[in-house]
Amino acid sequence: MSALSIEKVWKEYGDQIVLEDVSLTVDSRAFVALVGPSGCGKSTFLRMLLGQEQPTRGNILLDGVALPSEPGADRGVVFQRYSVFPHLTVLGNVLLGKELTASRYKARLLGAARRSALDEARQLITEVGLAGAENKYPAQLSGGMQQRLALAQALIMRPKVLLLDEPFGALDPGIRTEIHTLMKRLWHETQMTVVMVTHDMREAFTLATRVVAFERRRDRPEEKERYGATITKDISIWPPRIAGAASIFSPDRDGPVASPGHRRDDLAPLGDI
Amino acid sequence: MRWINTRPSPGAQLALTLLPFALLIIAYAIGSAARLAENANDKLLPNLAGFADAINRMAFIADPRTGDYLLWSDTGASLVRLLSGLGISTAIALCLGMLIGMLPYLRALLSPFVAVISMVPPLALLPILFIAMGLGETSKIALIVIGVTPTMIRDLALKALELPREQIVKAETLGGSSWQIALRVVLPQILPRLITCLKLQLGPAWLFLIAAEAISSDAGLGYRIFLVRRYLSMDVIFPYVVWITLLAVLMNYLLDRIRIAVFPWSELEKQA
């Protein structure tokens with residue numbers, strides 16, 4: 001289970017009110033897309049779910065328990081940039097989560113524990129279509145591959161909630177469509193609730209089970225500081241998409257997806273160049 | 001075509017690289033020849049034969065008084081001081097720099113203090129060091145440490161702070177504790193910077209070393225230069241200066257190679 005409930009949350013920076021009176025209940029295994037104009041506090045909201053920032057007033061509960069006041073292993077995240085570690089290879093990036101949880105002081109695994117973690121990491125890497133790139137550094141990967149790596153890295157922790165902050169915003173449309181397919185598949189196959197911030201309406205409506213819009217109700221210049229944004233629209237997608245279940249209405253679009261072969265932004269095999 | 005868009009070919013590049021060195025040598029040779037033509041005993045600008053003789057005397061003939069080969073014993077003494085100084089500085093800078101960069105409490109405690117300390121001119125402290133620690137090795141090494149550590153601490157703290165917040169948050173979501181994040185995320189990413197930083201501090205370190213040796217020592221490259229100055233022995237001073245320069249250039253080059261060999265990703269990041 002991984003239901004989120006946000007109760008009357010306000011966020012203020014000094015005099016500036018960013019979010020006012022936001023209440024939202026997210027079911028377990030839902031896929032919520034947060035949309036809204038720039039600067040309306042979507043990302044701030046996501047950072048509060050992450051624990052990177054604290055609400056000024058109100059509570060955020062995960063499965064009925066208040067969120068700890070710092071990021072933790074139960075909530076995974078993929079940012080638009082800087083989500084992967086430039087000093088680790090693809091394999092090292094995915095393995096890191098395992099190593100940090102299992103080895104308290106050395107933060108490294110040895111022997112049998114390392115082998116089993118390696119197997120799991122390799123499997124995830126194959127799942128996101130990065131097989132063959134295990135020993136490359138992020139700087140050698142394309143933008144789409146880096147984001148897929150970031151997904152694999154977050155997923156190895158089996159987080160209850162996966163938070164995505166405009167993860168695919170910097171990718172070109174073709175690659176974005178492919179990574180959407182991957183995202184949909186991962187959501188169907190794992191047990192997590194997903195909250196995604198996006199600017200792309202198409203993306204929001206393609207992936208989500210529910211689209212939530214943030215907006216400032218009062219936006220005149222003299223009102224800007226004292227009135228924050230809040231939820232103005234809350235749309236449940238119909239026909240409903242249910243994680244792990246095939247859709248009766250449009251199975252190929254909303255149901256679980258098969259893994260594709262070669263992806264468009266994979267590095268060309270050496271023979272092709 | 002605009003000047004900013006014109007590039008030399010590889011051959012031209014090499015020629016241009018060598019040109020200033022060649023010009024310097026030619027200018028010296030002309031100056032030296034002119035002075036020696038006027039007075040064959042001139043000591044200010046000795047010719048190549050003079051240098052060869054001096055180098056032979058310093059490097060390959062044992063000193064009649066001590067039995068040492070002076071160039072090598074001087075080099076040994078100087079390098080021991082320089083490397084101990086730099087080693088101690090590096091260790092201190094790495095620990096403090098990371099702590100200041102990562103922990104807000106320690107940043108509040110130490111950052112302004114280090115900033116102020118780094119403004120103290122180290123050479124002005126040299127008399128204090130000589131008085132407090134005597135004229136031996138300790139005070140010379142201490143001068144190098146005092147001279148280069150504060151800058152290195154500030155540089156590394158800055159680098160640790162510059163790591164994108166996203167990375168630290170991501171490491172936290174992977175279950176990392178402060179210690180683990182320091183060990184697996186921050187440390188590996190500032191080590192390449194540490195090497196670069198060490199490279200930039202080579203110059204000041206040599207400066208402090210030679211200053212300390214010039215004032216009080218009985219061996220060392222700086223000591224020798226200032227000793228033979230009394231006899232206007234330019235034939236010794238010039239080769240020593242060239243030798244010191246070569247050592248510095250070599251260290252610089254080695255540090256770069258080490259960085260690329262040990263942290264291949266740091267070079268990839270630079271190109272990306």
# chains A, B, ... in the order shown; residues from 1 in each chain; ligands from 1

call {"tool": "interface_residues", "arguments": {"of": "chain A", "to": "chain B", "cutoff": "7 Å", "atoms": "only C-alpha atoms", "output": "list in words"}}
result
Pro71, Gly72, Ala73, Arg75, Gly76, Val77, Tyr82, Ser83, Phe85, Pro86, His87, Gly97, Leu100, Thr101, Tyr105, Ala107, Tyr137, Ala139 and Met157 of chain A

call {"tool": "residues_around", "arguments": {"residues": "Ala219 of chain B", "least_positions_apart": "3", "cutoff": "8 Å", "atoms": "only C-alpha atoms", "output": "VMD selection string"}}
result
chain B and resid 73 to 74 77 to 78 213 223 to 224

call {"tool": "write_last_selection", "arguments": {"atoms": "N, CA and C atoms", "output": "short mmCIF file (atom, residue, chain, number, x, y, z; two decimals), in the first residue's frame"}}
result
data_model
loop_
_atom_site.label_atom_id
_atom_site.label_comp_id
_atom_site.auth_asym_id
_atom_site.auth_seq_id
_atom_site.Cartn_x
_atom_site.Cartn_y
_atom_site.Cartn_z
N SER B 73 71.50 15.90 -3.86
CA SER B 73 71.17 16.02 -2.43
C SER B 73 70.27 17.23 -2.19
N ASP B 74 70.52 18.32 -2.96
CA ASP B 74 69.64 19.50 -2.84
C ASP B 74 68.22 19.15 -3.27
N ALA B 77 66.50 17.01 -0.64
CA ALA B 77 66.09 17.76 0.55
C ALA B 77 64.87 18.61 0.24
N SER B 78 64.88 19.29 -0.94
CA SER B 78 63.75 20.17 -1.28
C SER B 78 62.48 19.37 -1.50
N GLU B 213 63.93 28.20 2.45
CA GLU B 213 65.30 27.68 2.31
C GLU B 213 66.31 28.81 2.17
N TYR B 223 68.20 27.00 -1.15
CA TYR B 223 69.40 27.32 -0.37
C TYR B 223 70.59 27.51 -1.30
N ARG B 224 70.78 26.56 -2.24
CA ARG B 224 71.94 26.59 -3.14
C ARG B 224 71.93 27.86 -3.99
#

call {"tool": "atom_distance", "arguments": {"atom1": "atom CA of Leu250 of chain B", "atom2": "atom CA of Ala54 of chain B"}}
result
22.9 Å

call {"tool": "residues_around", "arguments": {"residues": "segment 45-52 of chain A", "least_positions_apart": "3", "cutoff": "6 Å", "atoms": "only C-alpha atoms", "output": "count of residues only"}}
result
4

call {"tool": "atom_distance", "arguments": {"atom1": "atom CA of Arg220 of chain A", "atom2": "atom CA of Asp165 of chain A"}}
result
27.5 Å

call {"tool": "residues_around", "arguments": {"residues": "Gly85 of chain B", "least_positions_apart": "6", "cutoff": "9 Å", "atoms": "only C-alpha atoms", "output": "NGL selection string"}}
result
:B and (140-146 or 148 or 205)

call {"tool": "write_last_selection", "arguments": {"atoms": "N, CA and C atoms", "output": "PDB file, in the first residue's frame"}}
result
ATOM      1  N   LYS B 140      59.916  24.903   7.934  1.00  0.00           N
ATOM      2  CA  LYS B 140      59.784  25.044   6.475  1.00  0.00           C
ATOM      3  C   LYS B 140      58.525  24.331   5.978  1.00  0.00           C
ATOM      4  N   ILE B 141      58.322  23.123   6.494  1.00  0.00           N
ATOM      5  CA  ILE B 141      57.114  22.391   6.097  1.00  0.00           C
ATOM      6  C   ILE B 141      55.873  23.137   6.568  1.00  0.00           C
ATOM      7  N   ALA B 142      55.958  23.668   7.804  1.00  0.00           N
ATOM      8  CA  ALA B 142      54.805  24.404   8.338  1.00  0.00           C
ATOM      9  C   ALA B 142      54.472  25.600   7.453  1.00  0.00           C
ATOM     10  N   LEU B 143      55.493  26.263   6.934  1.00  0.00           N
ATOM     11  CA  LEU B 143      55.233  27.431   6.083  1.00  0.00           C
ATOM     12  C   LEU B 143      54.452  27.010   4.836  1.00  0.00           C
ATOM     13  N   ILE B 144      54.863  25.911   4.222  1.00  0.00           N
ATOM     14  CA  ILE B 144      54.144  25.438   3.032  1.00  0.00           C
ATOM     15  C   ILE B 144      52.696  25.094   3.394  1.00  0.00           C
ATOM     16  N   VAL B 145      52.538  24.391   4.524  1.00  0.00           N
ATOM     17  CA  VAL B 145      51.186  23.997   4.933  1.00  0.00           C
ATOM     18  C   VAL B 145      50.324  25.234   5.166  1.00  0.00           C
ATOM     19  N   ILE B 146      50.862  26.192   5.920  1.00  0.00           N
ATOM     20  CA  ILE B 146      50.077  27.395   6.203  1.00  0.00           C
ATOM     21  C   ILE B 146      49.782  28.163   4.913  1.00  0.00           C
ATOM     22  N   VAL B 148      49.453  27.000   1.722  1.00  0.00           N
ATOM     23  CA  VAL B 148      48.558  26.469   0.686  1.00  0.00           C
ATOM     24  C   VAL B 148      47.247  25.880   1.233  1.00  0.00           C
ATOM     25  N   ALA B 205      53.513  26.636  -3.443  1.00  0.00           N
ATOM     26  CA  ALA B 205      54.284  25.746  -2.560  1.00  0.00           C
ATOM     27  C   ALA B 205      55.777  25.899  -2.824  1.00  0.00           C
TER      28      ALA B 205
END

call {"tool": "residues_around", "arguments": {"residues": "Gly132 of chain A", "least_positions_apart": "2", "cutoff": "10 Å", "atoms": "only C-alpha atoms", "output": "ChimeraX atom specification"}}
result
/A:90,122,125-126,129-130,134-136,267,269

call {"tool": "atom_distance", "arguments": {"atom1": "atom CA of Lys11 of chain A", "atom2": "atom CA of Gln54 of chain A"}}
result
7.9 Å

call {"tool": "select_by_dssp", "arguments": {"residues": "segment 49-260 of chain A", "states": "strand (DSSP E or B)", "output": "VMD selection string"}}
result
chain A and resid 57 to 62 65 to 66 75 to 78 161 to 165 193 to 197 210 to 216 229 to 236

call {"tool": "write_last_selection", "arguments": {"atoms": "N, CA and C atoms", "output": "mmCIF file, in the first residue's frame"}}
result
data_model
loop_
_atom_site.group_PDB
_atom_site.id
_atom_site.type_symbol
_atom_site.label_atom_id
_atom_site.label_comp_id
_atom_site.auth_asym_id
_atom_site.auth_seq_id
_atom_site.Cartn_x
_atom_site.Cartn_y
_atom_site.Cartn_z
ATOM 1 N N ARG A 57 2.202 24.963 6.833
ATOM 2 C CA ARG A 57 1.073 24.468 7.633
ATOM 3 C C ARG A 57 0.525 23.225 6.959
ATOM 4 N N GLY A 58 -0.175 22.392 7.709
ATOM 5 C CA GLY A 58 -0.798 21.218 7.123
ATOM 6 C C GLY A 58 0.069 19.979 7.250
ATOM 7 N N ASN A 59 -0.483 18.854 6.837
ATOM 8 C CA ASN A 59 0.214 17.572 6.995
ATOM 9 C C ASN A 59 0.232 16.797 5.698
ATOM 10 N N ILE A 60 1.293 16.017 5.527
ATOM 11 C CA ILE A 60 1.343 15.070 4.423
ATOM 12 C C ILE A 60 1.526 13.685 5.029
ATOM 13 N N LEU A 61 0.616 12.776 4.710
ATOM 14 C CA LEU A 61 0.691 11.431 5.275
ATOM 15 C C LEU A 61 0.909 10.413 4.177
ATOM 16 N N LEU A 62 1.781 9.444 4.446
ATOM 17 C CA LEU A 62 1.973 8.325 3.527
ATOM 18 C C LEU A 62 1.470 7.086 4.263
ATOM 19 N N VAL A 65 0.770 7.704 7.930
ATOM 20 C CA VAL A 65 1.848 8.117 8.831
ATOM 21 C C VAL A 65 2.469 9.393 8.281
ATOM 22 N N ALA A 66 2.740 10.369 9.176
ATOM 23 C CA ALA A 66 3.317 11.627 8.717
ATOM 24 C C ALA A 66 4.661 11.367 8.044
ATOM 25 N N ARG A 75 10.619 6.915 -0.860
ATOM 26 C CA ARG A 75 10.194 7.765 -1.975
ATOM 27 C C ARG A 75 11.337 7.928 -2.971
ATOM 28 N N GLY A 76 11.138 7.418 -4.175
ATOM 29 C CA GLY A 76 12.162 7.552 -5.206
ATOM 30 C C GLY A 76 11.924 8.829 -5.998
ATOM 31 N N VAL A 77 12.952 9.289 -6.686
ATOM 32 C CA VAL A 77 12.786 10.523 -7.449
ATOM 33 C C VAL A 77 13.607 10.494 -8.737
ATOM 34 N N VAL A 78 13.053 11.114 -9.769
ATOM 35 C CA VAL A 78 13.814 11.368 -10.991
ATOM 36 C C VAL A 78 13.620 12.839 -11.330
ATOM 37 N N VAL A 161 6.508 5.341 -3.363
ATOM 38 C CA VAL A 161 6.063 6.443 -4.210
ATOM 39 C C VAL A 161 7.219 6.842 -5.114
ATOM 40 N N LEU A 162 6.936 7.019 -6.399
ATOM 41 C CA LEU A 162 7.967 7.517 -7.313
ATOM 42 C C LEU A 162 7.579 8.933 -7.705
ATOM 43 N N LEU A 163 8.488 9.866 -7.472
ATOM 44 C CA LEU A 163 8.210 11.263 -7.785
ATOM 45 C C LEU A 163 9.014 11.655 -9.015
ATOM 46 N N LEU A 164 8.350 12.266 -9.981
ATOM 47 C CA LEU A 164 9.027 12.626 -11.222
ATOM 48 C C LEU A 164 8.877 14.125 -11.430
ATOM 49 N N ASP A 165 10.002 14.835 -11.517
ATOM 50 C CA ASP A 165 9.948 16.288 -11.707
ATOM 51 C C ASP A 165 10.327 16.622 -13.144
ATOM 52 N N THR A 193 3.062 4.056 -6.355
ATOM 53 C CA THR A 193 2.242 5.200 -6.720
ATOM 54 C C THR A 193 3.174 6.205 -7.392
ATOM 55 N N VAL A 194 2.715 6.834 -8.465
ATOM 56 C CA VAL A 194 3.582 7.777 -9.165
ATOM 57 C C VAL A 194 2.975 9.177 -9.123
ATOM 58 N N VAL A 195 3.796 10.162 -8.788
ATOM 59 C CA VAL A 195 3.365 11.558 -8.901
ATOM 60 C C VAL A 195 4.348 12.240 -9.839
ATOM 61 N N MET A 196 3.828 12.834 -10.923
ATOM 62 C CA MET A 196 4.703 13.424 -11.926
ATOM 63 C C MET A 196 4.329 14.878 -12.182
ATOM 64 N N VAL A 197 5.341 15.741 -12.137
ATOM 65 C CA VAL A 197 5.131 17.130 -12.531
ATOM 66 C C VAL A 197 5.462 17.231 -14.013
ATOM 67 N N ARG A 210 -4.935 10.301 -13.319
ATOM 68 C CA ARG A 210 -5.597 11.466 -12.762
ATOM 69 C C ARG A 210 -4.718 12.680 -13.040
ATOM 70 N N VAL A 211 -5.319 13.746 -13.532
ATOM 71 C CA VAL A 211 -4.554 14.956 -13.820
ATOM 72 C C VAL A 211 -5.006 16.054 -12.868
ATOM 73 N N VAL A 212 -4.055 16.616 -12.130
ATOM 74 C CA VAL A 212 -4.383 17.644 -11.148
ATOM 75 C C VAL A 212 -3.737 18.956 -11.579
ATOM 76 N N ALA A 213 -4.542 20.008 -11.695
ATOM 77 C CA ALA A 213 -4.005 21.292 -12.148
ATOM 78 C C ALA A 213 -3.851 22.241 -10.974
ATOM 79 N N PHE A 214 -2.683 22.885 -10.903
ATOM 80 C CA PHE A 214 -2.425 23.924 -9.905
ATOM 81 C C PHE A 214 -2.552 25.275 -10.596
ATOM 82 N N GLU A 215 -3.146 26.230 -9.935
ATOM 83 C CA GLU A 215 -3.279 27.557 -10.537
ATOM 84 C C GLU A 215 -3.460 28.587 -9.432
ATOM 85 N N ARG A 216 -3.068 29.811 -9.719
ATOM 86 C CA ARG A 216 -3.354 30.895 -8.786
ATOM 87 C C ARG A 216 -4.759 31.397 -9.077
ATOM 88 N N ALA A 229 -0.999 29.488 -5.127
ATOM 89 C CA ALA A 229 -1.714 28.615 -6.043
ATOM 90 C C ALA A 229 -2.388 27.502 -5.253
ATOM 91 N N THR A 230 -3.420 26.952 -5.840
ATOM 92 C CA THR A 230 -4.068 25.815 -5.219
ATOM 93 C C THR A 230 -4.619 24.914 -6.315
ATOM 94 N N ILE A 231 -5.228 23.801 -5.934
ATOM 95 C CA ILE A 231 -5.744 22.881 -6.950
ATOM 96 C C ILE A 231 -7.029 23.449 -7.542
ATOM 97 N N THR A 232 -7.025 23.664 -8.858
ATOM 98 C CA THR A 232 -8.227 24.224 -9.464
ATOM 99 C C THR A 232 -8.969 23.185 -10.291
ATOM 100 N N LYS A 233 -8.300 22.168 -10.745
ATOM 101 C CA LYS A 233 -8.972 21.115 -11.515
ATOM 102 C C LYS A 233 -8.417 19.778 -11.074
ATOM 103 N N ASP A 234 -9.268 18.794 -11.044
ATOM 104 C CA ASP A 234 -8.855 17.452 -10.634
ATOM 105 C C ASP A 234 -9.617 16.477 -11.516
ATOM 106 N N ILE A 235 -8.962 16.019 -12.565
ATOM 107 C CA ILE A 235 -9.651 15.231 -13.583
ATOM 108 C C ILE A 235 -9.249 13.771 -13.474
ATOM 109 N N SER A 236 -10.198 12.901 -13.306
ATOM 110 C CA SER A 236 -9.896 11.472 -13.368
ATOM 111 C C SER A 236 -10.071 11.028 -14.802
#

call {"tool": "select_by_dssp", "arguments": {"residues": "segment 23-238 of chain B", "states": "helix (DSSP H, G or I)", "output": "ChimeraX atom specification"}}
result
/B:23-38,48-60,70-102,104-117,122-133,137-162,165-173,178-215,221-231,234-238

call {"tool": "closest_residue", "arguments": {"among": "A:Ala102, A:Met1, A:Leu95, A:Ala152", "to": "Asp63 of chain A", "atoms": "only C-alpha atoms"}}
result
A:Met1

call {"tool": "residues_around", "arguments": {"residues": "Ile61 of chain B", "least_positions_apart": "6", "cutoff": "10 Å", "atoms": "only C-alpha atoms", "output": "list of chain:residue names"}}
result
B:Ile55, B:Gly67, B:Asp68, B:Tyr69, B:Leu70, B:Leu71

call {"tool": "decode", "arguments": {"residues": "segment 118-129 of chain A", "atoms": "N, CA and C atoms", "output": "PDB file, in the first residue's frame"}}
result
ATOM      1  N   LEU A 118      24.167  -7.538  -8.098  1.00  0.00           N
ATOM      2  CA  LEU A 118      24.556  -7.315  -9.496  1.00  0.00           C
ATOM      3  C   LEU A 118      23.509  -7.911 -10.438  1.00  0.00           C
ATOM      4  N   ASP A 119      23.038  -9.125 -10.089  1.00  0.00           N
ATOM      5  CA  ASP A 119      22.022  -9.760 -10.935  1.00  0.00           C
ATOM      6  C   ASP A 119      20.787  -8.881 -11.020  1.00  0.00           C
ATOM      7  N   GLU A 120      20.362  -8.396  -9.832  1.00  0.00           N
ATOM      8  CA  GLU A 120      19.158  -7.589  -9.803  1.00  0.00           C
ATOM      9  C   GLU A 120      19.346  -6.303 -10.616  1.00  0.00           C
ATOM     10  N   ALA A 121      20.529  -5.687 -10.452  1.00  0.00           N
ATOM     11  CA  ALA A 121      20.809  -4.447 -11.169  1.00  0.00           C
ATOM     12  C   ALA A 121      20.820  -4.699 -12.680  1.00  0.00           C
ATOM     13  N   ARG A 122      21.463  -5.795 -13.103  1.00  0.00           N
ATOM     14  CA  ARG A 122      21.547  -6.103 -14.535  1.00  0.00           C
ATOM     15  C   ARG A 122      20.157  -6.304 -15.111  1.00  0.00           C
ATOM     16  N   GLN A 123      19.301  -6.975 -14.319  1.00  0.00           N
ATOM     17  CA  GLN A 123      17.948  -7.250 -14.795  1.00  0.00           C
ATOM     18  C   GLN A 123      17.185  -5.941 -15.017  1.00  0.00           C
ATOM     19  N   LEU A 124      17.335  -5.017 -14.047  1.00  0.00           N
ATOM     20  CA  LEU A 124      16.659  -3.725 -14.171  1.00  0.00           C
ATOM     21  C   LEU A 124      17.198  -2.942 -15.360  1.00  0.00           C
ATOM     22  N   ILE A 125      18.512  -3.031 -15.551  1.00  0.00           N
ATOM     23  CA  ILE A 125      19.131  -2.313 -16.657  1.00  0.00           C
ATOM     24  C   ILE A 125      18.578  -2.836 -17.988  1.00  0.00           C
ATOM     25  N   THR A 126      18.410  -4.152 -18.073  1.00  0.00           N
ATOM     26  CA  THR A 126      17.828  -4.726 -19.281  1.00  0.00           C
ATOM     27  C   THR A 126      16.383  -4.253 -19.449  1.00  0.00           C
ATOM     28  N   GLU A 127      15.689  -4.217 -18.320  1.00  0.00           N
ATOM     29  CA  GLU A 127      14.287  -3.796 -18.326  1.00  0.00           C
ATOM     30  C   GLU A 127      14.114  -2.400 -18.934  1.00  0.00           C
ATOM     31  N   VAL A 128      15.016  -1.472 -18.587  1.00  0.00           N
ATOM     32  CA  VAL A 128      14.883  -0.126 -19.135  1.00  0.00           C
ATOM     33  C   VAL A 128      15.649   0.009 -20.455  1.00  0.00           C
ATOM     34  N   GLY A 129      16.127  -1.109 -20.979  1.00  0.00           N
ATOM     35  CA  GLY A 129      16.725  -1.089 -22.307  1.00  0.00           C
ATOM     36  C   GLY A 129      18.132  -0.545 -22.355  1.00  0.00           C
TER      37      GLY A 129
END
